[in-house]
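In what follows, a structure is listed as structure tokens, so that the remarks can point back to it.
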Amino acid sequence: MLDRTVTDWQSQAQQLKIEGRAFINGRYVEALSGQTWPTSNPGDGRELADVAVCGIEDADLAVKGARAAFESGDWSRMAPMDRKMVLVRWAELIEKHADELALLETLDVGKPISDTTHVDVPATVRTIRWSGEAIDKVYDEIPPTPAGTLALIQRLPLGVVAAIVPWNFPLSTTAWKLAPSLATGNSVILKPASNTPLSALFIAGLASEAGLPDGVLQVLPGPGGSLGKHLALHMDIDGLTFTGSTPVGKMLMEYSGQSNLKRTFLELGGKSPNIVFADANLEKAAAMAAAAVFYNGGQTCTAGTRLIVEEKIQDSFLELVTENAKGWMPGNPLDPATAMGPMIDAGQCKTVADYVDIGRGEGAEIIFGGSQVMQDSGGYYHEPSIFSGVNNAMRIAQEEIFGPVMSVLSFKTAEEAIQIANDSIYGLAGAVWSNNINTAHKVAEAVRVGTMGINNYFGGDITVPFGGFKQSGNGRDKSIHAFHDYTELKTTWIELM
Ligand code: NAD
């Protein structure tokens, strides 16, 4: 796999069989309306496949099937160690099809093939395997009640869960939702983002092959505003787990309140601070400062888009960062040497270009990049771009751009760095770089985010929870803590006669 060339991947892409139908009750099916829409490759703008456009009738059918599967107990009451075996088999099947799946994700999302082969697919396998392997090692509780009584505190599955996910990490966010919700015994209806449904559809068939009973996992491609909203308002869905933007997350909370108060867990946007002190390992900090923003074209919820640098090293540090930015010039996603691919679509590419104009208008200075490139490819490419002279009140410091745009700010004291970092509606992630353990810990503790790196960015694995403070959300993906979002606590109190 490592020595594949762009030509190898291109010829494999020609042979790829793409499934665009919905997955309901254990089978791939057309939408009841027969409607389809095309999904296209952001790398060249070409159409990839026709995908079913599911509507309200498909959703109702899927909910009915999911409810029946839940009530049957075939999965919900299956012994956890048996559920484990199904999930582990599913992970193995995904691993077996790793190349095909990585290619599909690259074509559908524009992610570089080196990322999908080394990050997205392996992380998906790990997440499903880990959650499966964990579920028969989690114990319920017996509390310290008075003599003559016994109480049980059990975690029971919610029932039918809807999972709605975004386009920027379609496979990994899907795995982060499906693995713990299925492991805990729920039936799940997944709505992938309307423009990136292919990998979720692909792995649904593998789940069946691994032994997941029909109806336990339904995958409905379709639009958020109608299909997604219908699921969120559905009276027979017990839980809603969402990854996406903060404005849509707020709507979902309202839909929950307007319907049946379904448990609603949200993983939302970010504008993450990356704080660099003069005493840090500046070579490493500069390399990671660039990666923190430009990885996945900045289309990453945790992107370290606010680089907050100690003033006395700002100029020299920015030279290092700019040097690193050169390694992130966009290229063909099927080329294993490409570090950064295209934006997801023309609209997102324009949004990035608009923010570059906004930043200039606000008085910040572009010191690297700033333009759309590779227009003759048919794809949607934008240079890695760096703004200096930013203050935290500017829109480019406050709003999630979701593109490869870094805003550089400076500070004189640790207190000022913390104040700037926390001056945001978001609280998803961040990092601090310093060789002084006291400074690093004090800053890490004071920054109000769900995940903080010290001398690293994007640190973490499946063993640790992931989620946001403030308007970055309320749920937690990954780790044993994710099981909590998909279960209700039940108390049984027993009087011993
Ligand atoms: P989005 O909110 O536009 O869409 C996310 C999903 O919600 C899609 O499936 C979409 O079809 C659906 N949707 C849209 N409107 C809906 C509605 N009214 N009712 C129900 N569903 C609806 O987000 P996006 O543009 O796909 O993704 C980018 C956003 O996701 C960014 O804000 C990013 O930060 C966030 N994100 C967060 C995390 C995290 O874990 N915190 C991870 C990845 C992405």
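Letters A, B, ... mark the chains of the structure tokens in the order given; residue numbers begin at 1 per chain; ligand numbers begin at 1, in order shown.
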Residues of chain A at most 8 Å from ligand 1: nearest atom pair and distance in Å, only C-alpha atoms and all ligand atoms, as a Markdown table:
| residue | atom | partner | partner_atom_place_in_ligand_line | distance |
| --- | --- | --- | --- | --- |
| A:Ile164 | CA | ligand 1 | 9 (O) | 5.1 |
| A:Val165 | CA | ligand 1 | 9 (O) | 4.6 |
| A:Pro166 | CA | ligand 1 | 26 (O) | 3.4 |
| A:Trp167 | CA | ligand 1 | 26 (O) | 4.7 |
| A:Asn168 | CA | ligand 1 | 44 (C) | 6.0 |
| A:Phe169 | CA | ligand 1 | 43 (C) | 6.2 |
| A:Thr173 | CA | ligand 1 | 42 (C) | 6.7 |
| A:Lys191 | CA | ligand 1 | 9 (O) | 5.9 |
| A:Pro192 | CA | ligand 1 | 9 (O) | 5.0 |
| A:Ala193 | CA | ligand 1 | 9 (O) | 3.3 |
| A:Ser194 | CA | ligand 1 | 11 (O) | 5.2 |
| A:Gly222 | CA | ligand 1 | 11 (O) | 7.1 |
| A:Pro223 | CA | ligand 1 | 11 (O) | 5.1 |
| A:Gly224 | CA | ligand 1 | 11 (O) | 3.2 |
| A:Gly225 | CA | ligand 1 | 18 (N) | 4.1 |
| A:Ser226 | CA | ligand 1 | 19 (N) | 6.8 |
| A:Leu227 | CA | ligand 1 | 20 (C) | 7.0 |
| A:Gly228 | CA | ligand 1 | 20 (C) | 3.5 |
| A:Lys229 | CA | ligand 1 | 19 (N) | 3.7 |
| A:His230 | CA | ligand 1 | 20 (C) | 7.3 |
| A:Leu231 | CA | ligand 1 | 20 (C) | 7.3 |
| A:Ala232 | CA | ligand 1 | 20 (C) | 6.2 |
| A:Phe242 | CA | ligand 1 | 7 (O) | 7.2 |
| A:Thr243 | CA | ligand 1 | 37 (C) | 5.1 |
| A:Gly244 | CA | ligand 1 | 30 (O) | 3.0 |
| A:Ser245 | CA | ligand 1 | 32 (O) | 3.3 |
| A:Thr246 | CA | ligand 1 | 32 (O) | 6.0 |
| A:Pro247 | CA | ligand 1 | 2 (O) | 6.8 |
| A:Val248 | CA | ligand 1 | 2 (O) | 4.8 |
| A:Gly249 | CA | ligand 1 | 2 (O) | 6.7 |
| A:Met251 | CA | ligand 1 | 18 (N) | 6.4 |
| A:Leu252 | CA | ligand 1 | 19 (N) | 6.3 |
| A:Leu266 | CA | ligand 1 | 41 (N) | 7.5 |
| A:Glu267 | CA | ligand 1 | 41 (N) | 3.7 |
| A:Leu268 | CA | ligand 1 | 41 (N) | 3.9 |
| A:Gly269 | CA | ligand 1 | 34 (O) | 3.2 |
| A:Gly270 | CA | ligand 1 | 34 (O) | 5.4 |
| A:Gln299 | CA | ligand 1 | 33 (C) | 7.3 |
| A:Thr300 | CA | ligand 1 | 43 (C) | 6.0 |
| A:Cys301 | CA | ligand 1 | 34 (O) | 3.5 |
| A:Thr302 | CA | ligand 1 | 34 (O) | 7.0 |
| A:Glu400 | CA | ligand 1 | 32 (O) | 6.9 |
| A:Phe402 | CA | ligand 1 | 31 (C) | 6.7 |
| A:Leu428 | CA | ligand 1 | 41 (N) | 6.7 |
| A:Phe466 | CA | ligand 1 | 40 (O) | 7.2 |
| A:Gly467 | CA | ligand 1 | 41 (N) | 5.9 |
| A:Gly468 | CA | ligand 1 | 41 (N) | 6.5 |
| A:Ser472 | CA | ligand 1 | 41 (N) | 6.2 |
| A:Gly473 | CA | ligand 1 | 41 (N) | 6.9 |
| A:Asp477 | CA | ligand 1 | 40 (O) | 7.5 |
Give me, as CSV, the closest atom pair and its distance (Å, one decimal) for every residue of segment 285-404 of chain A within a cut-off of 9 Å of segment 113-136 of chain A, counting only C-alpha atoms, rows sorted by chain and rising number.
residue,atom,partner,partner_atom,distance
A:Asn296,CA,A:Asp115,CA,8.4
A:Pro333,CA,A:Ile113,CA,5.8
A:Leu334,CA,A:Ile113,CA,5.4
A:Asp335,CA,A:Ile113,CA,6.8
A:Pro336,CA,A:Ser114,CA,5.3
A:Ala337,CA,A:Ser114,CA,7.4
A:Thr338,CA,A:Ser114,CA,7.4
A:Ala339,CA,A:Ser114,CA,7.6
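Across the structure, atom CA of Val321 of chain A and atom CA of Val109 of chain A are spaced 26.8 Å apart.
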Report as a PyMOL selection string all protein, DNA and RNA residues lying within 10 Å of Gly363 of chain A, evaluated on only C-alpha atoms, omitting residues in the same chain fewer than 6 positions from it.
chain A and resi 387-391+394
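We find atom CA of Gly403 of chain A and atom CA of Met374 of chain A to be spaced 16.0 Å apart.
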Pick from A:Ile425, A:Gly205, A:Thr451, A:Met497: nearest to Ala303 of chain A, with only C-alpha atoms counted?
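Closest candidate: A:Thr451.
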Rank A:Val63, A:Leu16, A:Val405, A:Val449 by their smallest atom-to-atom distance to Phe294 of chain A, using only C-alpha atoms, and report the top residue only.
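For Phe294 of chain A, the nearest of the candidates is A:Val405.
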Residues of segment 69-121 of chain A that approach segment 154-158 of chain A to 12 Å or less, counting only C-alpha atoms: could you list each one with the shortest pair of atoms and its distance in Å to one decimal, rows by chain and increasing residue number, as JSON lines?
{"residue": "A:Phe70", "atom": "CA", "partner": "A:Pro157", "partner_atom": "CA", "distance": 9.4}
{"residue": "A:Glu71", "atom": "CA", "partner": "A:Pro157", "partner_atom": "CA", "distance": 11.4}
{"residue": "A:Gly73", "atom": "CA", "partner": "A:Pro157", "partner_atom": "CA", "distance": 11.1}
{"residue": "A:Trp75", "atom": "CA", "partner": "A:Pro157", "partner_atom": "CA", "distance": 10.6}
{"residue": "A:Ser76", "atom": "CA", "partner": "A:Pro157", "partner_atom": "CA", "distance": 7.2}
{"residue": "A:Arg77", "atom": "CA", "partner": "A:Pro157", "partner_atom": "CA", "distance": 9.4}
{"residue": "A:Met78", "atom": "CA", "partner": "A:Pro157", "partner_atom": "CA", "distance": 11.8}
{"residue": "A:Pro80", "atom": "CA", "partner": "A:Pro157", "partner_atom": "CA", "distance": 11.9}
Need the shell around Gln372 of chain A: protein/DNA/RNA residues with any atom at most 8 Å away, counting only C-alpha atoms. Skip same-chain ones fewer than 4 positions apart. Format as a ChimeraX atom specification?
/A:349,353,380-383
Emit the selected residues as a PDB file, in the first residue's frame, including N, CA and C atoms.
ATOM      1  N   CYS A 349     -15.297  26.701  -0.805  1.00  0.00           N
ATOM      2  CA  CYS A 349     -14.105  27.379  -1.309  1.00  0.00           C
ATOM      3  C   CYS A 349     -14.361  28.892  -1.384  1.00  0.00           C
ATOM      4  N   ALA A 353     -12.551  32.081   0.542  1.00  0.00           N
ATOM      5  CA  ALA A 353     -12.083  33.281  -0.174  1.00  0.00           C
ATOM      6  C   ALA A 353     -12.749  34.537   0.400  1.00  0.00           C
ATOM      7  N   TYR A 380     -11.796  22.306  -6.075  1.00  0.00           N
ATOM      8  CA  TYR A 380     -12.013  23.537  -5.295  1.00  0.00           C
ATOM      9  C   TYR A 380     -10.857  23.737  -4.314  1.00  0.00           C
ATOM     10  N   TYR A 381      -9.761  24.242  -4.827  1.00  0.00           N
ATOM     11  CA  TYR A 381      -8.534  24.286  -4.028  1.00  0.00           C
ATOM     12  C   TYR A 381      -8.235  25.706  -3.546  1.00  0.00           C
ATOM     13  N   HIS A 382      -7.746  25.804  -2.316  1.00  0.00           N
ATOM     14  CA  HIS A 382      -7.363  27.111  -1.759  1.00  0.00           C
ATOM     15  C   HIS A 382      -6.012  26.968  -1.078  1.00  0.00           C
ATOM     16  N   GLU A 383      -5.182  27.974  -1.252  1.00  0.00           N
ATOM     17  CA  GLU A 383      -3.852  27.923  -0.631  1.00  0.00           C
ATOM     18  C   GLU A 383      -3.953  27.960   0.891  1.00  0.00           C
TER      19      GLU A 383
END
